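Undergrad: For reference, this is protein-v6.txt, and it has compact mmCIF, C-alpha atoms.
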```txt
# COMPACT_ATOMS: atom_id res chain seq x y z
CA MET S 54 -120.42 87.07 -72.35
CA SER S 55 -119.97 85.52 -68.91
CA ASP S 56 -116.75 84.12 -67.43
CA ASP S 57 -118.32 80.64 -67.59
CA GLU S 58 -119.12 81.01 -71.31
CA PHE S 59 -115.57 82.19 -72.00
CA ARG S 60 -114.04 79.28 -70.03
CA ALA S 61 -116.35 76.74 -71.69
CA ALA S 62 -115.45 77.93 -75.18
CA LEU S 63 -111.70 77.89 -74.54
CA SER S 64 -111.83 74.52 -72.76
CA ARG S 65 -112.48 73.04 -76.23
CA LEU S 66 -108.93 73.95 -77.27
CA ALA S 67 -106.51 71.11 -76.50
CA ALA S 68 -103.17 72.27 -75.13
CA GLY S 69 -99.86 70.70 -74.28
CA VAL S 70 -98.81 70.76 -70.63
CA VAL S 71 -95.46 72.11 -69.45
CA LEU S 72 -93.78 72.74 -66.13
CA ILE S 73 -92.13 76.16 -65.86
CA THR S 74 -89.31 76.28 -63.31
CA ALA S 75 -86.93 78.89 -61.96
CA HIS S 76 -84.44 79.14 -59.11
CA ASP S 77 -84.97 81.84 -56.51
CA PRO S 78 -81.48 82.51 -55.13
CA ASP S 79 -82.84 84.87 -52.46
CA ASP S 80 -85.14 82.36 -50.73
CA GLY S 81 -83.17 80.82 -47.88
CA PRO S 82 -79.46 80.05 -47.57
CA ARG S 83 -79.30 77.95 -50.76
CA GLY S 84 -82.27 79.46 -52.52
CA GLU S 85 -85.39 77.59 -53.58
CA ASP S 86 -86.67 76.09 -56.80
CA VAL S 87 -90.12 77.25 -57.91
CA GLY S 88 -92.42 75.50 -60.37
CA MET S 89 -95.77 76.07 -62.05
CA THR S 90 -97.88 74.07 -64.47
CA ALA S 91 -98.82 75.89 -67.66
CA THR S 92 -100.92 75.16 -70.72
CA ALA S 93 -100.54 78.63 -72.25
CA PHE S 94 -97.08 78.06 -73.73
CA VAL S 95 -96.15 78.59 -77.40
CA SER S 96 -93.28 78.97 -79.80
CA VAL S 97 -92.97 82.60 -80.92
CA SER S 98 -89.99 82.81 -83.28
CA LEU S 99 -87.31 80.64 -84.87
CA GLU S 100 -84.84 83.50 -85.44
CA PRO S 101 -84.14 84.35 -82.73
CA PRO S 102 -85.50 81.29 -80.90
CA LEU S 103 -88.28 82.65 -78.68
CA VAL S 104 -91.06 81.05 -76.63
CA MET S 105 -93.85 82.55 -74.53
CA VAL S 106 -95.64 81.51 -71.37
CA SER S 107 -98.59 83.18 -69.69
CA VAL S 108 -98.30 83.54 -65.90
CA ARG S 109 -100.95 84.84 -63.52
CA ASN S 110 -100.20 88.34 -62.23
CA ASP S 111 -98.96 88.40 -58.63
CA SER S 112 -98.38 84.63 -58.57
CA ARG S 113 -95.19 83.31 -57.02
CA MET S 114 -93.76 82.63 -60.50
CA ASP S 115 -94.71 86.09 -61.77
CA ASP S 116 -93.11 87.72 -58.74
CA LEU S 117 -89.94 85.66 -59.19
CA LEU S 118 -89.62 86.26 -62.94
CA VAL S 119 -89.69 90.02 -62.37
CA HIS S 120 -86.16 89.81 -60.94
CA GLN S 121 -84.97 86.37 -62.11
CA PRO S 122 -84.55 86.40 -65.91
CA LEU S 123 -83.53 82.72 -66.19
CA TRP S 124 -86.14 79.96 -66.29
CA ALA S 125 -86.79 76.56 -67.81
CA VAL S 126 -89.55 74.57 -69.46
CA SER S 127 -90.14 70.81 -69.25
CA VAL S 128 -92.65 69.50 -71.81
CA LEU S 129 -94.52 66.84 -69.84
CA ALA S 130 -95.12 63.31 -71.09
CA GLU S 131 -98.42 61.46 -70.75
CA ASN S 132 -97.14 59.56 -67.68
CA GLN S 133 -96.34 62.81 -65.82
CA ARG S 134 -99.90 63.84 -64.96
CA HIS S 135 -99.03 63.69 -61.24
CA ILE S 136 -96.34 66.34 -61.76
CA ALA S 137 -98.75 68.63 -63.60
CA GLY S 138 -101.36 68.25 -60.86
CA ARG S 139 -98.88 68.77 -58.05
CA PHE S 140 -97.59 72.09 -59.39
CA ALA S 141 -101.08 73.34 -60.34
CA MET S 142 -102.48 73.09 -56.79
CA LYS S 143 -103.73 76.29 -55.19
CA GLY S 144 -102.65 76.96 -51.61
CA ARG S 145 -99.96 74.34 -51.92
CA ILE S 146 -97.04 73.56 -49.66
CA SER S 147 -93.52 74.85 -50.16
CA ASP S 148 -92.12 74.29 -53.64
CA ARG S 149 -89.02 72.77 -52.00
CA LEU S 150 -91.16 69.83 -50.87
CA LEU S 151 -92.87 69.51 -54.26
CA PHE S 152 -89.55 68.80 -56.00
CA ASN S 153 -88.36 66.25 -53.38
CA ASP S 154 -89.35 63.00 -55.10
CA ILE S 155 -89.41 64.19 -58.72
CA PRO S 156 -86.32 63.23 -60.74
CA HIS S 157 -84.69 66.38 -62.07
CA VAL S 158 -81.36 67.94 -62.90
CA ARG S 159 -80.28 71.55 -62.75
CA GLY S 160 -79.91 73.11 -66.18
CA GLU S 161 -76.49 74.52 -66.98
CA ALA S 162 -77.76 77.60 -68.85
CA ALA S 163 -80.60 78.73 -66.55
CA GLY S 164 -79.83 76.96 -63.27
CA ALA S 165 -83.49 75.87 -63.05
CA PRO S 166 -84.77 72.31 -62.58
CA LEU S 167 -85.30 70.19 -65.72
CA ILE S 168 -87.73 67.33 -65.10
CA GLY S 169 -86.51 63.79 -65.82
CA GLY S 170 -88.61 61.90 -68.38
CA ALA S 171 -89.91 65.10 -70.01
CA LEU S 172 -90.46 65.01 -73.78
CA ALA S 173 -88.24 68.07 -74.20
CA THR S 174 -86.58 70.71 -72.06
CA LEU S 175 -85.75 74.34 -72.81
CA GLU S 176 -83.70 76.85 -70.85
CA CYS S 177 -84.66 80.48 -71.37
CA ARG S 178 -83.81 84.08 -70.54
CA THR S 179 -86.62 86.63 -70.39
CA GLU S 180 -86.55 89.07 -73.31
CA GLN S 181 -89.88 90.81 -72.73
CA ARG S 182 -92.83 90.91 -70.34
CA VAL S 183 -96.25 92.09 -71.52
CA VAL S 184 -99.11 92.60 -69.06
CA ALA S 185 -102.33 91.25 -70.59
CA GLY S 186 -105.34 91.46 -68.28
CA ASP S 187 -104.85 89.29 -65.20
CA HIS S 188 -101.80 87.54 -66.70
CA THR S 189 -98.34 88.53 -67.91
CA LEU S 190 -96.93 87.13 -71.14
CA VAL S 191 -93.28 86.25 -70.56
CA ILE S 192 -91.29 85.96 -73.79
CA GLY S 193 -88.00 84.13 -73.41
CA ARG S 194 -85.01 83.54 -75.66
CA VAL S 195 -84.17 79.83 -75.73
CA LEU S 196 -80.58 79.36 -74.56
CA ALA S 197 -80.54 75.55 -74.68
CA ALA S 198 -82.91 72.79 -75.78
CA SER S 199 -82.83 69.04 -75.34
CA VAL S 200 -84.94 66.17 -76.63
CA PRO S 201 -84.18 63.04 -74.57
CA GLY S 202 -84.49 59.56 -76.07
CA GLY S 203 -87.71 57.59 -76.02
CA ASP S 204 -91.01 58.52 -77.55
CA PRO S 205 -93.86 58.64 -75.03
CA GLY S 206 -96.94 60.63 -75.94
CA PRO S 207 -97.57 64.17 -74.71
CA LEU S 208 -99.69 65.16 -71.74
CA THR S 209 -102.56 67.35 -72.94
CA TYR S 210 -105.28 69.42 -71.28
CA PHE S 211 -108.79 69.40 -72.75
CA ARG S 212 -112.21 70.28 -71.27
CA GLY S 213 -110.71 70.89 -67.85
CA LYS S 214 -108.87 67.55 -67.55
CA TYR S 215 -105.42 66.15 -68.23
CA ARG S 216 -105.59 63.65 -71.07
CA GLN S 217 -103.43 61.41 -73.20
CA LEU S 218 -103.31 61.98 -76.93
CA SER S 219 -103.66 58.31 -77.85
```
Render the structure in this file as structure tokens.

TA:
Amino acid sequence: MSDDEFRAALSRLAAGVVLITAHDPDDGPRGEDVGMTATAFVSVSLEPPLVMVSVRNDSRMDDLLVHQPLWAVSVLAENQRHIAGRFAMKGRISDRLLFNDIPHVRGEAAGAPLIGGALATLECRTEQRVVAGDHTLVIGRVLAASVPGGDPGPLTYFRGKYRQLS
């Protein structure tokens, strides 16, 4: 099986889109917020409340989560495609600039940015890291969860493109 065949097969699986965020206290005098778009994010357990995200080995987020156990998840709404695209860019500018014009608040439990207008937000603490090929599966205990008002549809990813469910 080729890489292209593998990608083509898995591109037929629709996935929700989330923004994973964490605060790097060691980057500059006030630290820096870091973000990454993810579609490999799932619920793992209700008791205890656990979730999992897959991060590329040696990525900025992977490097940060090795020593920063607190992170957050914002489940993106259908009107937040621009946020997903911005944080998925390769060779992008500083994360500090990426957050500049995006409404967000700092979570009380994890200290990481929570994106305004998201369908839901979760604040997590890493419980386990499992290296799996060229990615690491980061399993986090959910410390806090919020479901803001309103009911927009979710942002999804299917066949290599962001899409709306409706």

Undergrad: Pick out the residues sitting within 7 Å of S:Val95, and hand them over as a CSV table (one decimal) with C-alpha atoms, in the coordinates of the input; count all atoms listed in the file, and ignore anything fewer than 5 positions along from it in its own chain.

TA:
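Below is the file that was written, out_0.csv:
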```
chain,number,residue,atom,x,y,z
S,104,VAL,CA,-91.1,81.0,-76.6
S,105,MET,CA,-93.8,82.6,-74.5
S,106,VAL,CA,-95.6,81.5,-71.4
```

Undergrad: Using all atoms listed in the file, which of the listed residues (S:Pro156, S:Pro102, S:Gly84, S:Gly164) sits closest to S:Leu196?

TA: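 Of S:Pro156, S:Pro102, S:Gly84, S:Gly164, the one nearest S:Leu196, counting all atoms listed in the file, is S:Pro102.
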
Undergrad: My list of candidates is S:Ser127, S:Ser64, S:Ser112, S:Thr179. Which is closest to S:Arg159 when distances are computed with only C-alpha atoms?

TA: S:Ser127

Undergrad: May I ask which of the residues S:Pro122, S:Pro78, S:Gly193, S:Pro166 is the closest one to S:Val97, counting all atoms listed in the file?

TA: S:Gly193

Undergrad: Residues around (-98.7, 65.5, -63.5), cut-off 12 Å, counting only C-alpha atoms - what are they as number ranges by chain?

TA: S: 70-72, 89-91, 127-142, 151, 155, 168, 170-171, 207-210, 214-217

Undergrad: Closest to S:Thr189 among S:Met114, S:Ala62, S:Val108, S:Leu123, using all atoms listed in the file?

TA: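 Of S:Met114, S:Ala62, S:Val108, S:Leu123, the one nearest S:Thr189 is S:Val108, counting all atoms listed in the file.
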
Undergrad: Closest to S:Arg109 among S:Leu175, S:Val87, S:Val184, S:Ile192, using all atoms listed in the file?

TA: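 For S:Arg109, the nearest of the given residues is S:Val184.
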
Undergrad: Determine the nearest neighbour of S:Leu190 from the options S:Glu58, S:Asp115, S:Asp204, S:Asp86, counting all atoms listed in the file.

TA: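 Nearest candidate to S:Leu190 out of S:Glu58, S:Asp115, S:Asp204, S:Asp86: S:Asp115.
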
Undergrad: Provide the atom CA of S:His120 to atom CA of S:Val183 distance in Å, to one decimal place.

TA: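 Taking atom CA of S:His120 as the start and atom CA of S:Val183 as the end point, the length is 14.8 Å.
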
Undergrad: For the atom pair atom CA of S:Ala165 and atom CA of S:Ser107, what is the interatomic distance in Å to one decimal place?

TA: 18.0 Å

Undergrad: Enter the distance from atom CA of S:Ala163 to atom CA of S:Asp80, in Å, rounded to one decimal.

TA: 16.9 Å

Undergrad: With a distance cut-off of 6 Å and all atoms listed in the file, select the neighbouring residues of S:Thr174, excluding the residue or stretch itself and same-chain residues fewer than 6 positions from it, and output the selection as a list of chain:residue names.

TA: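 My reading of the contact set: S:Val126, S:Ser127, S:Ala198, S:Ser199.
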